>>> print(open('work.pdb').read())   # PDB, C-alpha atoms, pLDDT in the B column
ATOM      1  CA  VAL H   1      34.311 -39.033  -4.019  1.00 91.00           C
ATOM      2  CA  GLN H   2      37.894 -38.218  -4.929  1.00 95.00           C
ATOM      3  CA  LEU H   3      38.637 -34.953  -6.672  1.00 97.00           C
ATOM      4  CA  GLN H   4      41.615 -34.038  -8.824  1.00 97.00           C
ATOM      5  CA  ALA H   5      42.031 -30.407  -9.821  1.00 97.00           C
ATOM      6  CA  SER H   6      44.234 -29.374 -12.717  1.00 98.00           C
ATOM      7  CA  GLY H   7      44.844 -26.585 -15.178  1.00 98.00           C
ATOM      8  CA  GLY H   8      46.602 -24.030 -13.034  1.00 98.00           C
ATOM      9  CA  GLY H   9      49.652 -22.159 -14.176  1.00 98.00           C
ATOM     10  CA  LEU H  10      51.383 -18.845 -14.643  1.00 98.00           C
ATOM     11  CA  VAL H  11      49.558 -16.326 -16.804  1.00 98.00           C
ATOM     12  CA  GLN H  12      49.621 -12.603 -17.397  1.00 98.00           C
ATOM     13  CA  THR H  13      47.046  -9.999 -16.478  1.00 98.00           C
ATOM     14  CA  GLY H  14      44.100 -10.188 -18.829  1.00 98.00           C
ATOM     15  CA  ASP H  15      44.718 -13.783 -19.846  1.00 98.00           C
ATOM     16  CA  SER H  16      42.276 -16.660 -19.605  1.00 98.00           C
ATOM     17  CA  LEU H  17      42.663 -20.065 -18.045  1.00 98.00           C
ATOM     18  CA  ARG H  18      40.423 -23.080 -17.583  1.00 98.00           C
ATOM     19  CA  LEU H  19      40.594 -25.232 -14.501  1.00 98.00           C
ATOM     20  CA  SER H  20      39.259 -28.761 -14.439  1.00 98.00           C
ATOM     21  CA  CYS H  21      38.261 -30.978 -11.571  1.00 98.00           C
ATOM     22  CA  ALA H  22      37.857 -34.662 -12.299  1.00 98.00           C
ATOM     23  CA  ALA H  23      35.823 -36.719  -9.855  1.00 96.00           C
ATOM     24  CA  SER H  24      35.791 -40.415  -9.201  1.00 94.00           C
ATOM     25  CA  GLY H  25      32.635 -42.353  -8.464  1.00 81.00           C
ATOM     26  CA  ARG H  26      29.420 -43.042 -10.296  1.00 75.00           C
ATOM     27  CA  THR H  27      27.280 -40.543  -8.412  1.00 92.00           C
ATOM     28  CA  PHE H  28      29.065 -37.360  -9.473  1.00 93.00           C
ATOM     29  CA  SER H  29      25.856 -36.118 -11.014  1.00 93.00           C
ATOM     30  CA  ARG H  30      24.262 -35.945  -7.541  1.00 95.00           C
ATOM     31  CA  TYR H  31      26.875 -33.600  -6.124  1.00 96.00           C
ATOM     32  CA  ASN H  32      26.869 -29.853  -6.031  1.00 96.00           C
ATOM     33  CA  MET H  33      30.342 -28.701  -6.974  1.00 97.00           C
ATOM     34  CA  GLY H  34      32.219 -25.656  -5.823  1.00 98.00           C
ATOM     35  CA  TRP H  35      35.457 -23.842  -6.451  1.00 98.00           C
ATOM     36  CA  PHE H  36      37.242 -22.061  -3.638  1.00 98.00           C
ATOM     37  CA  ARG H  37      40.588 -20.333  -3.537  1.00 98.00           C
ATOM     38  CA  GLN H  38      43.176 -19.373  -0.995  1.00 98.00           C
ATOM     39  CA  ALA H  39      45.687 -16.637  -1.612  1.00 97.00           C
ATOM     40  CA  PRO H  40      48.938 -16.471   0.354  1.00 93.00           C
ATOM     41  CA  GLY H  41      48.287 -15.228   3.869  1.00 95.00           C
ATOM     42  CA  LYS H  42      44.534 -15.106   3.374  1.00 97.00           C
ATOM     43  CA  GLU H  43      41.522 -17.167   4.338  1.00 97.00           C
ATOM     44  CA  ARG H  44      40.002 -19.572   1.869  1.00 97.00           C
ATOM     45  CA  GLU H  45      37.178 -17.929  -0.046  1.00 97.00           C
ATOM     46  CA  PHE H  46      34.290 -19.012  -2.207  1.00 98.00           C
ATOM     47  CA  VAL H  47      34.630 -18.530  -5.966  1.00 98.00           C
ATOM     48  CA  ALA H  48      31.816 -20.351  -7.760  1.00 98.00           C
ATOM     49  CA  ALA H  49      29.427 -23.257  -7.430  1.00 98.00           C
ATOM     50  CA  ILE H  50      27.104 -25.279  -9.601  1.00 97.00           C
ATOM     51  CA  ALA H  51      24.166 -27.409  -8.568  1.00 95.00           C
ATOM     52  CA  TRP H  52      24.132 -31.168  -9.084  1.00 93.00           C
ATOM     53  CA  SER H  53      21.604 -30.694 -11.889  1.00 90.00           C
ATOM     54  CA  GLY H  54      23.618 -27.954 -13.521  1.00 88.00           C
ATOM     55  CA  GLY H  55      20.552 -25.767 -13.385  1.00 89.00           C
ATOM     56  CA  SER H  56      21.865 -23.283 -10.831  1.00 94.00           C
ATOM     57  CA  THR H  57      25.140 -21.497 -10.406  1.00 96.00           C
ATOM     58  CA  GLY H  58      26.544 -18.989  -7.967  1.00 97.00           C
ATOM     59  CA  TYR H  59      29.556 -16.677  -7.995  1.00 97.00           C
ATOM     60  CA  SER H  60      31.387 -14.424  -5.660  1.00 97.00           C
ATOM     61  CA  ASP H  61      31.127 -10.748  -6.478  1.00 97.00           C
ATOM     62  CA  SER H  62      34.848 -10.610  -7.193  1.00 97.00           C
ATOM     63  CA  VAL H  63      34.622 -13.046 -10.109  1.00 98.00           C
ATOM     64  CA  LYS H  64      31.086 -12.514 -11.382  1.00 98.00           C
ATOM     65  CA  GLY H  65      31.145 -11.726 -15.062  1.00 97.00           C
ATOM     66  CA  ARG H  66      34.703 -12.993 -15.498  1.00 98.00           C
ATOM     67  CA  PHE H  67      34.517 -16.632 -14.383  1.00 98.00           C
ATOM     68  CA  THR H  68      32.133 -19.328 -15.538  1.00 98.00           C
ATOM     69  CA  ILE H  69      31.534 -22.639 -13.842  1.00 98.00           C
ATOM     70  CA  SER H  70      30.194 -25.593 -15.783  1.00 98.00           C
ATOM     71  CA  ARG H  71      30.021 -29.337 -15.505  1.00 97.00           C
ATOM     72  CA  ASP H  72      29.982 -32.368 -17.736  1.00 96.00           C
ATOM     73  CA  ASN H  73      28.373 -35.192 -15.815  1.00 93.00           C
ATOM     74  CA  ALA H  74      29.222 -37.678 -18.539  1.00 93.00           C
ATOM     75  CA  LYS H  75      32.901 -36.945 -17.905  1.00 95.00           C
ATOM     76  CA  ASN H  76      32.577 -36.531 -14.125  1.00 96.00           C
ATOM     77  CA  THR H  77      34.239 -33.160 -14.484  1.00 97.00           C
ATOM     78  CA  VAL H  78      33.566 -29.624 -13.379  1.00 98.00           C
ATOM     79  CA  TYR H  79      35.270 -26.660 -15.022  1.00 98.00           C
ATOM     80  CA  LEU H  80      36.097 -23.118 -14.083  1.00 98.00           C
ATOM     81  CA  GLN H  81      36.670 -20.878 -17.081  1.00 98.00           C
ATOM     82  CA  MET H  82      38.519 -17.793 -15.930  1.00 98.00           C
ATOM     83  CA  SER H  83      38.956 -14.724 -18.080  1.00 98.00           C
ATOM     84  CA  SER H  84      40.319 -11.221 -17.587  1.00 98.00           C
ATOM     85  CA  LEU H  85      42.562 -12.578 -14.876  1.00 98.00           C
ATOM     86  CA  GLN H  86      44.029 -10.104 -12.429  1.00 98.00           C
ATOM     87  CA  PRO H  87      46.944 -10.379 -10.005  1.00 97.00           C
ATOM     88  CA  GLU H  88      44.442 -10.570  -7.143  1.00 97.00           C
ATOM     89  CA  ASP H  89      43.165 -13.836  -8.628  1.00 98.00           C
ATOM     90  CA  THR H  90      46.478 -15.435  -7.712  1.00 98.00           C
ATOM     91  CA  ALA H  91      45.713 -18.311  -5.359  1.00 98.00           C
ATOM     92  CA  VAL H  92      45.526 -22.024  -4.945  1.00 98.00           C
ATOM     93  CA  TYR H  93      42.185 -23.091  -6.356  1.00 98.00           C
ATOM     94  CA  TYR H  94      40.325 -26.002  -4.796  1.00 98.00           C
ATOM     95  CA  CYS H  95      37.339 -27.899  -6.060  1.00 98.00           C
ATOM     96  CA  ALA H  96      34.869 -29.366  -3.601  1.00 98.00           C
ATOM     97  CA  ALA H  97      31.826 -31.621  -3.635  1.00 97.00           C
ATOM     98  CA  ASP H  98      28.641 -31.554  -1.600  1.00 95.00           C
ATOM     99  CA  TYR H  99      25.985 -34.253  -1.962  1.00 94.00           C
ATOM    100  CA  GLY H 100      23.032 -32.248  -3.124  1.00 89.00           C
ATOM    101  CA  TYR H 101      20.595 -34.613  -4.760  1.00 88.00           C
ATOM    102  CA  GLY H 102      17.116 -33.871  -3.472  1.00 82.00           C
ATOM    103  CA  SER H 103      18.241 -30.897  -1.389  1.00 84.00           C
ATOM    104  CA  SER H 104      17.598 -27.219  -1.899  1.00 83.00           C
ATOM    105  CA  TRP H 105      20.214 -25.075  -3.581  1.00 85.00           C
ATOM    106  CA  SER H 106      21.400 -22.953  -0.700  1.00 84.00           C
ATOM    107  CA  ARG H 107      24.496 -21.908   1.223  1.00 88.00           C
ATOM    108  CA  TYR H 108      26.635 -23.082  -1.680  1.00 92.00           C
ATOM    109  CA  PHE H 109      29.168 -20.409  -0.764  1.00 92.00           C
ATOM    110  CA  VAL H 110      29.897 -21.946   2.657  1.00 92.00           C
ATOM    111  CA  ASP H 111      32.998 -24.137   2.594  1.00 93.00           C
ATOM    112  CA  SER H 112      31.901 -26.236   5.562  1.00 93.00           C
ATOM    113  CA  LYS H 113      28.982 -27.481   3.478  1.00 93.00           C
ATOM    114  CA  TYR H 114      31.338 -29.453   1.225  1.00 96.00           C
ATOM    115  CA  GLU H 115      32.407 -32.935   2.291  1.00 95.00           C
ATOM    116  CA  TYR H 116      35.087 -33.650  -0.293  1.00 96.00           C
ATOM    117  CA  TRP H 117      38.000 -31.543  -1.440  1.00 97.00           C
ATOM    118  CA  GLY H 118      40.605 -31.791  -4.150  1.00 96.00           C
ATOM    119  CA  GLN H 119      44.276 -31.090  -3.638  1.00 94.00           C
ATOM    120  CA  GLY H 120      44.325 -27.650  -5.232  1.00 95.00           C
ATOM    121  CA  THR H 121      45.933 -26.172  -8.313  1.00 98.00           C
ATOM    122  CA  LEU H 122      47.996 -22.993  -8.262  1.00 98.00           C
ATOM    123  CA  VAL H 123      47.061 -20.041 -10.437  1.00 98.00           C
ATOM    124  CA  THR H 124      49.562 -17.202 -10.613  1.00 98.00           C
ATOM    125  CA  VAL H 125      48.701 -14.021 -12.453  1.00 98.00           C
ATOM    126  CA  SER H 126      51.615 -11.720 -13.158  1.00 97.00           C
ATOM    127  CA  SER H 127      51.173  -7.990 -13.620  1.00 91.00           C
TER     128      SER H 127
END
>>> encode(input="work.pdb", output="structure tokens")
Amino acid sequence: VQLQASGGGLVQTGDSLRLSCAASGRTFSRYNMGWFRQAPGKEREFVAAIAWSGGSTGYSDSVKGRFTISRDNAKNTVYLQMSSLQPEDTAVYYCAADYGYGSSWSRYFVDSKYEYWGQGTLVTVSS
């Protein structure tokens, strides 16, 4: 699976932005998908994840209620709708894929669980 993230940019505090992650391959629908981010000088952290079926989602506490993850399996794409952006959301955002078909929905927040990673897209939120 190859992943291509896009949609990053420079926005102001309170703005919204939608990230997209396009995946190659015909088995996208069997992959759990996650978004992670890494701010300058910080460790990479979990943001959101969605199960291969789309039936389950998970969010970090820092983005819960502001970000929404979704997927369109017909388009092999996962989205991250971000609203009420804050300067602390500034980071490079990465999408990742974990083959999940037939497996339980667990530990989706652990980056080592994901086998495939996109190149990242930069989101900068100015104050």
>>> residues_around(input="work.pdb", residues="Ser106 in chain H", least_positions_apart="3", cutoff="12 Å", atoms="only C-alpha atoms", output="PDB file with C-alpha atoms, in the coordinates of the input")
ATOM      1  CA  ASN H  32      26.869 -29.853  -6.031  1.00 96.00           C
ATOM      2  CA  ALA H  49      29.427 -23.257  -7.430  1.00 98.00           C
ATOM      3  CA  ILE H  50      27.104 -25.279  -9.601  1.00 97.00           C
ATOM      4  CA  ALA H  51      24.166 -27.409  -8.568  1.00 95.00           C
ATOM      5  CA  SER H  56      21.865 -23.283 -10.831  1.00 94.00           C
ATOM      6  CA  THR H  57      25.140 -21.497 -10.406  1.00 96.00           C
ATOM      7  CA  GLY H  58      26.544 -18.989  -7.967  1.00 97.00           C
ATOM      8  CA  ASP H  98      28.641 -31.554  -1.600  1.00 95.00           C
ATOM      9  CA  GLY H 100      23.032 -32.248  -3.124  1.00 89.00           C
ATOM     10  CA  SER H 103      18.241 -30.897  -1.389  1.00 84.00           C
ATOM     11  CA  PHE H 109      29.168 -20.409  -0.764  1.00 92.00           C
ATOM     12  CA  VAL H 110      29.897 -21.946   2.657  1.00 92.00           C
ATOM     13  CA  LYS H 113      28.982 -27.481   3.478  1.00 93.00           C
TER      14      LYS H 113
END
>>> residues_near_point(input="work.pdb", point="(43.7, -18.1, -19.7)", cutoff="9 Å", atoms="all atoms listed in the file", output="ChimeraX atom specification")
/H:11-12,14-18,81-85
>>> resolve_selection(input="work.pdb", expression="the PyMOL selection byres ((chain H and resi 122) around 7)", output="ChimeraX atom specification")
/H:8-9,91-93,120-121,123-124
>>> axis_aligned_box(input="work.pdb", around="range 70-73 of chain H", padding_each_side="5 Å", output="AutoDock Vina command-line options")
--center_x 29.3 --center_y -30.4 --center_z -16.6 --size_x 11.8 --size_y 19.6 --size_z 12.2
>>> closest_residue(input="work.pdb", among="H:Asp89, H:Lys75, H:Trp52, H:Cys21", to="Ser127 in chain H", atoms="all atoms listed in the file")
H:Asp89
>>> resolve_selection(input="work.pdb", expression="the PyMOL selection byres ((chain H and resi 25) around 10)", output="list in words")
Val1, Gln2, Leu3, Ala23, Ser24, Arg26, Thr27, Phe28, Ser29 and Asn76 of chain H
>>> closest_residue(input="work.pdb", among="H:Gln4, H:Ala39, H:Tyr79, H:Ser104", to="Ala22 in chain H", atoms="all atoms listed in the file")
H:Gln4
>>> resolve_selection(input="work.pdb", expression="the PyMOL selection byres ((chain H and resi 87) around 6)", output="list in words")
Gln86, Glu88, Asp89, Thr90, Val125 and Ser126 of chain H
>>> closest_residue(input="work.pdb", among="H:Gln38, H:Gln119, H:Ser53, H:Ser112", to="Ser70 in chain H", atoms="all atoms listed in the file")
H:Ser53
>>> atom_distance(input="work.pdb", atom1="CA of Tyr99 in chain H", atom2="CA of Lys42 in chain H")
27.2 Å
>>> atom_distance(input="work.pdb", atom1="CA of Ser6 in chain H", atom2="CA of Arg71 in chain H")
14.5 Å
>>> residues_around(input="work.pdb", residues="Trp35 in chain H", least_positions_apart="3", cutoff="6 Å", atoms="all atoms listed in the file", output="PyMOL selection string")
chain H and resi 47-48+94-95
>>> closest_residue(input="work.pdb", among="H:Leu10, H:Ala96, H:Met33, H:Leu19", to="Phe67 in chain H", atoms="all atoms listed in the file")
H:Leu19
>>> atom_distance(input="work.pdb", atom1="CA of Phe46 in chain H", atom2="CA of Gly7 in chain H")
18.4 Å
>>> closest_residue(input="work.pdb", among="H:Ala74, H:Ile69, H:Val63, H:Ala97", to="Tyr116 in chain H", atoms="all atoms listed in the file")
H:Ala97
>>> closest_residue(input="work.pdb", among="H:Thr13, H:Asp72, H:Ser20, H:Pro40", to="Gly118 in chain H", atoms="all atoms listed in the file")
H:Ser20
>>> decode(input="work.pdb", residues="range 87-98 of chain H", atoms="N, CA, C and O atoms", output="JSON list (two decimals), in the first residue's frame")
[["chain", "number", "residue", "atom", "x", "y", "z"],
["H", 87, "PRO", "N", -2.79, 26.85, 17.49],
["H", 87, "PRO", "CA", -1.35, 26.82, 17.18],
["H", 87, "PRO", "C", -0.69, 25.50, 17.60],
["H", 87, "PRO", "O", 0.25, 25.05, 16.92],
["H", 88, "GLU", "N", -1.17, 24.89, 18.65],
["H", 88, "GLU", "CA", -0.58, 23.62, 19.09],
["H", 88, "GLU", "C", -0.90, 22.45, 18.16],
["H", 88, "GLU", "O", -0.36, 21.36, 18.33],
["H", 89, "ASP", "N", -1.76, 22.68, 17.18],
["H", 89, "ASP", "CA", -2.03, 21.66, 16.16],
["H", 89, "ASP", "C", -0.99, 21.70, 15.04],
["H", 89, "ASP", "O", -1.00, 20.85, 14.15],
["H", 90, "THR", "N", -0.12, 22.69, 15.07],
["H", 90, "THR", "CA", 0.92, 22.80, 14.07],
["H", 90, "THR", "C", 1.83, 21.58, 14.11],
["H", 90, "THR", "O", 2.39, 21.24, 15.16],
["H", 91, "ALA", "N", 1.95, 20.91, 12.97],
["H", 91, "ALA", "CA", 2.74, 19.67, 12.91],
["H", 91, "ALA", "C", 2.74, 19.16, 11.48],
["H", 91, "ALA", "O", 1.97, 19.62, 10.64],
["H", 92, "VAL", "N", 3.60, 18.20, 11.26],
["H", 92, "VAL", "CA", 3.50, 17.41, 10.03],
["H", 92, "VAL", "C", 2.55, 16.25, 10.33],
["H", 92, "VAL", "O", 2.74, 15.54, 11.32],
["H", 93, "TYR", "N", 1.55, 16.11, 9.49],
["H", 93, "TYR", "CA", 0.54, 15.08, 9.69],
["H", 93, "TYR", "C", 0.81, 13.91, 8.74],
["H", 93, "TYR", "O", 1.00, 14.12, 7.53],
["H", 94, "TYR", "N", 0.81, 12.72, 9.30],
["H", 94, "TYR", "CA", 1.08, 11.51, 8.54],
["H", 94, "TYR", "C", -0.15, 10.58, 8.57],
["H", 94, "TYR", "O", -0.77, 10.41, 9.62],
["H", 95, "CYS", "N", -0.43, 9.99, 7.43],
["H", 95, "CYS", "CA", -1.43, 8.94, 7.44],
["H", 95, "CYS", "C", -0.71, 7.60, 7.43],
["H", 95, "CYS", "O", 0.42, 7.49, 6.96],
["H", 96, "ALA", "N", -1.38, 6.59, 7.96],
["H", 96, "ALA", "CA", -0.77, 5.27, 8.10],
["H", 96, "ALA", "C", -1.83, 4.20, 7.93],
["H", 96, "ALA", "O", -3.01, 4.43, 8.19],
["H", 97, "ALA", "N", -1.37, 3.02, 7.50],
["H", 97, "ALA", "CA", -2.29, 1.91, 7.24],
["H", 97, "ALA", "C", -1.85, 0.65, 7.97],
["H", 97, "ALA", "O", -0.66, 0.33, 8.02],
["H", 98, "ASP", "N", -2.84, -0.03, 8.50],
["H", 98, "ASP", "CA", -2.62, -1.27, 9.24],
["H", 98, "ASP", "C", -3.65, -2.30, 8.74],
["H", 98, "ASP", "O", -4.84, -2.03, 8.81]]
